[in-house]
Amino acid sequence: MDQIASSRLVQSVQADLPALTISALLDAIRHDEAIPSKKRADICSGVRSLCRALHLQIESTPAEPRIFAEALAKATPASVGMSKARLQNCKSHVDAALAHADAHFHRKRSRSPLEPEFKDLLARVPQKWAANKLRALFRFTSEQGFSPDKIGPAAFDAYSAALANSTLKNARTRDREIRKIWNDLVASNPAVSGSAVKVPSFVDHYVLPADAFPQCLWDDFDAYLAYRLKKNSLDLDDLLTEEELFGEDEARPIKPIRGSTASLIRYRVRQFASVLVIEGILPADQIVDLAVLVTPTTVHAGLKFFIRRAGQQRNSQIRGIASDLVMIAELWVRSSSSDIRKLRLMVGKVRPRDEGLPESARRSLAPFRDITNVRAFLSLADRIVKDAEKCKNPDRATANMVATALWIKIAQRAPLRISNLLATNLNENVIRSPGKEGSVSLFYAPEMVKNGKTLEVPLPKKTVPLLELYLKKYRPLITSVSGSFLFPAMNGGPKRASVMSIDIQKLMRRYIGFAVNPHSFRHVAAKLYLSVHHGDYEQVQRMLGHRSRETTVRYYCDLEAEEAFRHFDAVLLGLEQDDGKGGRS
């Protein structure tokens, strides 16, 4: 292929022509004599290797940066079966190939030296991480001909476009971060002559602040929450309320809710009230109590917003909001039976039709079809601790690795909810039997458990030594604040679920190449158990703490379909090999 033909292929990326495929791009590079032959071979080999590892079909996949960016977002050496150096080389080859296809493609790494005026600007940035992010911006603006005093909206628009045309993951997040750092630099240094820039927001902010509504609404809501948060203690003066004693309707038993549930209900009420204002259904000053929110007409009008926002689809968010409003109407406002019936009908109509595990959970379980991945998953915690023990001077980061390993080890053998494990108090929730090698159990009172039943989980003997190692050597490195949480944060309180989730998934991708979120550990436990004990839903129900067998069957019966198809395939294989005379062909 001559240079003219190669150029035409390259131009097809930018013209209104069918997208240039990876295969066609590699063909153009392979025949481009302007590139040294060894470099051509390296680029083609690296791109093909990475495409195989990422399951990208080079014959049909367009050679577009964002496709590679999305595929590479969660790629680790373990997930693609490469060494760290080989993976990095392959990424560089992909960048080189994409740069050949598009002259405007933004290479993530630039070796252009910074000019003195840009170095002076970097010297004004106190944080090293912030300076590193700005260095990439300064190299780009310098290459584009922007001087430091000209850095402003135009320069950032060009840089944002370049990031969008790169294989950098989370390009929008990187753009926002650098804009914030630049604005801080401009605000804190009057000598910096550049101008501040707008920081884009990609979140649909429709929820109004609480103070946008009358305080009497939140007073009424706080009283409702206090009513729902009642514990099991019995006040003799409140044996029967006046309404229960003299009212005609039978009062519905109240099941106490947890603090996390109360916070969620508060946010949902604020969401719904905000929608009523934004949609012009009610002005904010008229939303004075919960009764205003739960009339069938108001609920019907407000839910239309969420349905429209969800693309005319049902989802759990809409159902949750509708269900909370029904509970408020029934337990607090005491709406008429006719209104309650209408509200419950709306809850039924917005309930998601999909039964069983959601698609995201099914995809996260896919690696566990391979016994090699299962074994890697089960040995994960031990591998993490082994590497941590190699550190001669362990620090807080190392201690957090061991804490995450302990969480994984416990959750693998005792599929507890993340809220329970993170709320584990060494003084209240850990039970030890006497003796040097006594057993250890985790105990949770009914108010800590979702199904309202006492939960006691014995730790396997192989988990106890890791627990002891963590408590003696690593937990003191995490926080110096006195406290008794098993998994503390720096301030001594419990570690946040979002932080632990990130740590778990990061280590899983690093060590075994795939990850599941903390809640999916429960799905993994069900899948692994049912793969050996087909149909034993009662045991899974007890293990996961479901209220009813129907819940367990609804979620996990589809997992056994895979085993059924495997058995069916074995039957067909046997028939294929049967010679029709009772033997094998």
# chains A, B, ... in the order shown; residues from 1 in each chain; ligands from 1

call {"tool": "residues_around", "arguments": {"residues": "stretch 73-89 of chain A", "least_positions_apart": "4", "cutoff": "8 Å", "atoms": "only C-alpha atoms", "output": "ChimeraX atom specification"}}
result
/A:46,50,53-54,69,93,169-170,509-514

call {"tool": "select_by_dssp", "arguments": {"residues": "stretch 130-371 of chain A", "states": "helix (DSSP H, G or I)", "output": "ChimeraX atom specification"}}
result
/A:130-143,148-150,153-164,171-188,210-212,215-228,236-238,242-246,259-278,284-286,290-293,296-309,316-333,337-350,359-369,371

call {"tool": "atom_distance", "arguments": {"atom1": "atom CA of A:Phe221", "atom2": "atom CA of A:Gly280"}}
result
22.3 Å

call {"tool": "closest_residue", "arguments": {"among": "A:Ile67, A:Val499, A:Ile287, A:Leu365", "to": "A:Tyr556", "atoms": "only C-alpha atoms"}}
result
A:Leu365

call {"tool": "residues_around", "arguments": {"residues": "A:Ala24", "least_positions_apart": "3", "cutoff": "8 Å", "atoms": "only C-alpha atoms", "output": "list of chain:residue names"}}
result
A:Leu9, A:Leu20, A:Thr21, A:Asp27, A:Ala28, A:Glu59

call {"tool": "atom_distance", "arguments": {"atom1": "atom CA of A:Arg396", "atom2": "atom CA of A:Lys462"}}
result
24.5 Å

call {"tool": "decode", "arguments": {"residues": "stretch 264-418 of chain A", "atoms": "C-alpha atoms", "output": "compact mmCIF listing (two decimals), in the first residue's frame"}}
result
# COMPACT_ATOMS: atom_id res chain seq x y z
CA LEU A 264 -32.42 6.98 52.96
CA ILE A 265 -36.09 7.79 53.60
CA ARG A 266 -35.18 11.38 54.45
CA TYR A 267 -33.33 11.78 51.17
CA ARG A 268 -36.17 10.22 49.17
CA VAL A 269 -38.69 12.57 50.75
CA ARG A 270 -36.48 15.54 49.87
CA GLN A 271 -36.11 14.17 46.34
CA PHE A 272 -39.85 13.90 45.90
CA ALA A 273 -40.59 17.29 47.44
CA SER A 274 -37.97 18.88 45.15
CA VAL A 275 -39.59 17.35 42.09
CA LEU A 276 -42.97 18.77 43.10
CA VAL A 277 -41.43 22.25 43.20
CA ILE A 278 -39.36 21.90 40.00
CA GLU A 279 -42.29 20.49 38.04
CA GLY A 280 -44.58 23.28 39.25
CA ILE A 281 -46.90 20.85 41.01
CA LEU A 282 -46.64 22.61 44.38
CA PRO A 283 -44.72 25.69 45.56
CA ALA A 284 -42.17 25.00 48.30
CA ASP A 285 -43.95 27.13 50.90
CA GLN A 286 -47.09 24.98 50.63
CA ILE A 287 -45.26 21.75 51.49
CA VAL A 288 -45.76 22.17 55.21
CA ASP A 289 -46.17 18.54 56.32
CA LEU A 290 -46.06 14.97 55.09
CA ALA A 291 -49.80 14.86 54.44
CA VAL A 292 -49.31 17.28 51.54
CA LEU A 293 -46.89 14.87 49.84
CA VAL A 294 -48.93 11.66 49.95
CA THR A 295 -52.24 12.47 48.28
CA PRO A 296 -52.77 10.12 45.31
CA THR A 297 -52.94 13.06 42.88
CA THR A 298 -49.62 14.49 44.12
CA VAL A 299 -47.84 11.13 44.14
CA HIS A 300 -49.13 10.35 40.66
CA ALA A 301 -47.86 13.68 39.28
CA GLY A 302 -44.48 13.44 41.03
CA LEU A 303 -43.71 9.86 39.97
CA LYS A 304 -44.16 10.85 36.32
CA PHE A 305 -40.94 12.89 36.61
CA PHE A 306 -38.92 9.88 37.78
CA ILE A 307 -40.44 7.62 35.12
CA ARG A 308 -39.61 10.15 32.42
CA ARG A 309 -36.07 10.57 33.81
CA ALA A 310 -35.59 6.80 33.71
CA GLY A 311 -36.49 6.67 30.01
CA GLN A 312 -40.01 5.32 30.63
CA GLN A 313 -38.53 2.38 32.51
CA ARG A 314 -39.35 0.94 35.91
CA ASN A 315 -36.50 0.85 38.41
CA SER A 316 -35.84 0.26 42.09
CA GLN A 317 -35.43 3.99 42.82
CA ILE A 318 -38.99 4.77 41.68
CA ARG A 319 -40.38 1.81 43.56
CA GLY A 320 -38.49 2.84 46.71
CA ILE A 321 -39.85 6.39 46.63
CA ALA A 322 -43.40 5.18 46.00
CA SER A 323 -43.16 2.57 48.78
CA ASP A 324 -41.88 5.13 51.31
CA LEU A 325 -44.75 7.48 50.47
CA VAL A 326 -47.25 4.66 50.97
CA MET A 327 -45.76 3.86 54.38
CA ILE A 328 -45.98 7.53 55.39
CA ALA A 329 -49.60 7.69 54.24
CA GLU A 330 -50.52 4.49 56.08
CA LEU A 331 -48.50 4.73 59.30
CA TRP A 332 -48.33 8.47 59.93
CA VAL A 333 -50.85 10.46 57.93
CA ARG A 334 -53.43 7.69 58.29
CA SER A 335 -54.90 8.34 54.85
CA SER A 336 -58.24 6.83 53.91
CA SER A 337 -58.40 3.22 52.81
CA SER A 338 -59.36 4.43 49.33
CA ASP A 339 -56.22 6.58 49.07
CA ILE A 340 -54.02 3.78 50.42
CA ARG A 341 -55.43 1.42 47.82
CA LYS A 342 -54.62 3.88 45.01
CA LEU A 343 -51.10 4.44 46.32
CA ARG A 344 -50.42 0.71 46.59
CA LEU A 345 -51.68 0.27 43.04
CA MET A 346 -49.08 2.83 41.89
CA VAL A 347 -46.34 0.95 43.78
CA GLY A 348 -47.30 -2.21 41.93
CA LYS A 349 -47.22 -0.45 38.56
CA VAL A 350 -43.71 0.98 39.05
CA ARG A 351 -42.24 -2.24 40.45
CA PRO A 352 -39.46 -3.53 38.14
CA ARG A 353 -40.64 -6.57 36.22
CA ASP A 354 -37.26 -8.25 36.20
CA GLU A 355 -37.09 -11.01 38.78
CA GLY A 356 -33.94 -12.57 40.10
CA LEU A 357 -30.46 -11.14 39.97
CA PRO A 358 -29.97 -7.94 37.97
CA GLU A 359 -27.82 -8.06 34.84
CA SER A 360 -24.88 -6.33 36.55
CA ALA A 361 -24.79 -9.02 39.25
CA ARG A 362 -24.98 -11.80 36.67
CA ARG A 363 -22.03 -10.32 34.80
CA SER A 364 -20.00 -10.03 37.99
CA LEU A 365 -20.55 -13.75 38.65
CA ALA A 366 -19.29 -14.79 35.21
CA PRO A 367 -15.66 -15.39 36.33
CA PHE A 368 -16.86 -17.94 38.89
CA ARG A 369 -17.84 -20.38 36.15
CA ASP A 370 -14.13 -21.21 35.91
CA ILE A 371 -12.69 -23.28 38.76
CA THR A 372 -9.31 -21.55 38.27
CA ASN A 373 -10.91 -18.19 39.08
CA VAL A 374 -12.73 -19.68 42.06
CA ARG A 375 -9.46 -20.96 43.51
CA ALA A 376 -7.76 -17.63 42.87
CA PHE A 377 -10.63 -15.87 44.62
CA LEU A 378 -10.45 -18.15 47.66
CA SER A 379 -6.67 -17.72 48.01
CA LEU A 380 -6.82 -13.93 47.51
CA ALA A 381 -6.68 -12.88 51.16
CA ASP A 382 -3.67 -15.09 51.89
CA ARG A 383 -1.77 -13.65 48.91
CA ILE A 384 -2.44 -10.08 50.04
CA VAL A 385 -1.26 -10.80 53.59
CA LYS A 386 1.82 -12.63 52.31
CA ASP A 387 2.87 -9.54 50.35
CA ALA A 388 2.10 -7.26 53.30
CA GLU A 389 4.27 -9.38 55.59
CA LYS A 390 7.22 -8.82 53.26
CA CYS A 391 7.23 -5.11 54.17
CA LYS A 392 9.97 -4.46 56.73
CA ASN A 393 8.39 -1.18 57.84
CA PRO A 394 4.62 -1.50 57.32
CA ASP A 395 2.71 1.76 57.14
CA ARG A 396 -0.96 2.73 57.18
CA ALA A 397 -1.39 1.75 53.52
CA THR A 398 -0.04 -1.73 54.26
CA ALA A 399 -2.30 -2.01 57.30
CA ASN A 400 -5.32 -1.09 55.17
CA MET A 401 -4.35 -3.84 52.73
CA VAL A 402 -4.41 -6.38 55.57
CA ALA A 403 -7.72 -4.97 56.84
CA THR A 404 -9.19 -5.44 53.36
CA ALA A 405 -7.76 -8.97 53.21
CA LEU A 406 -9.42 -9.78 56.55
CA TRP A 407 -12.74 -8.40 55.30
CA ILE A 408 -12.45 -10.58 52.19
CA LYS A 409 -11.53 -13.65 54.23
CA ILE A 410 -14.50 -13.22 56.56
CA ALA A 411 -16.98 -12.37 53.79
CA GLN A 412 -15.93 -15.41 51.73
CA ARG A 413 -16.75 -17.81 54.57
CA ALA A 414 -19.54 -15.79 56.22
CA PRO A 415 -21.42 -13.79 53.57
CA LEU A 416 -22.52 -10.97 55.85
CA ARG A 417 -23.76 -7.63 54.63
CA ILE A 418 -21.08 -4.96 54.46
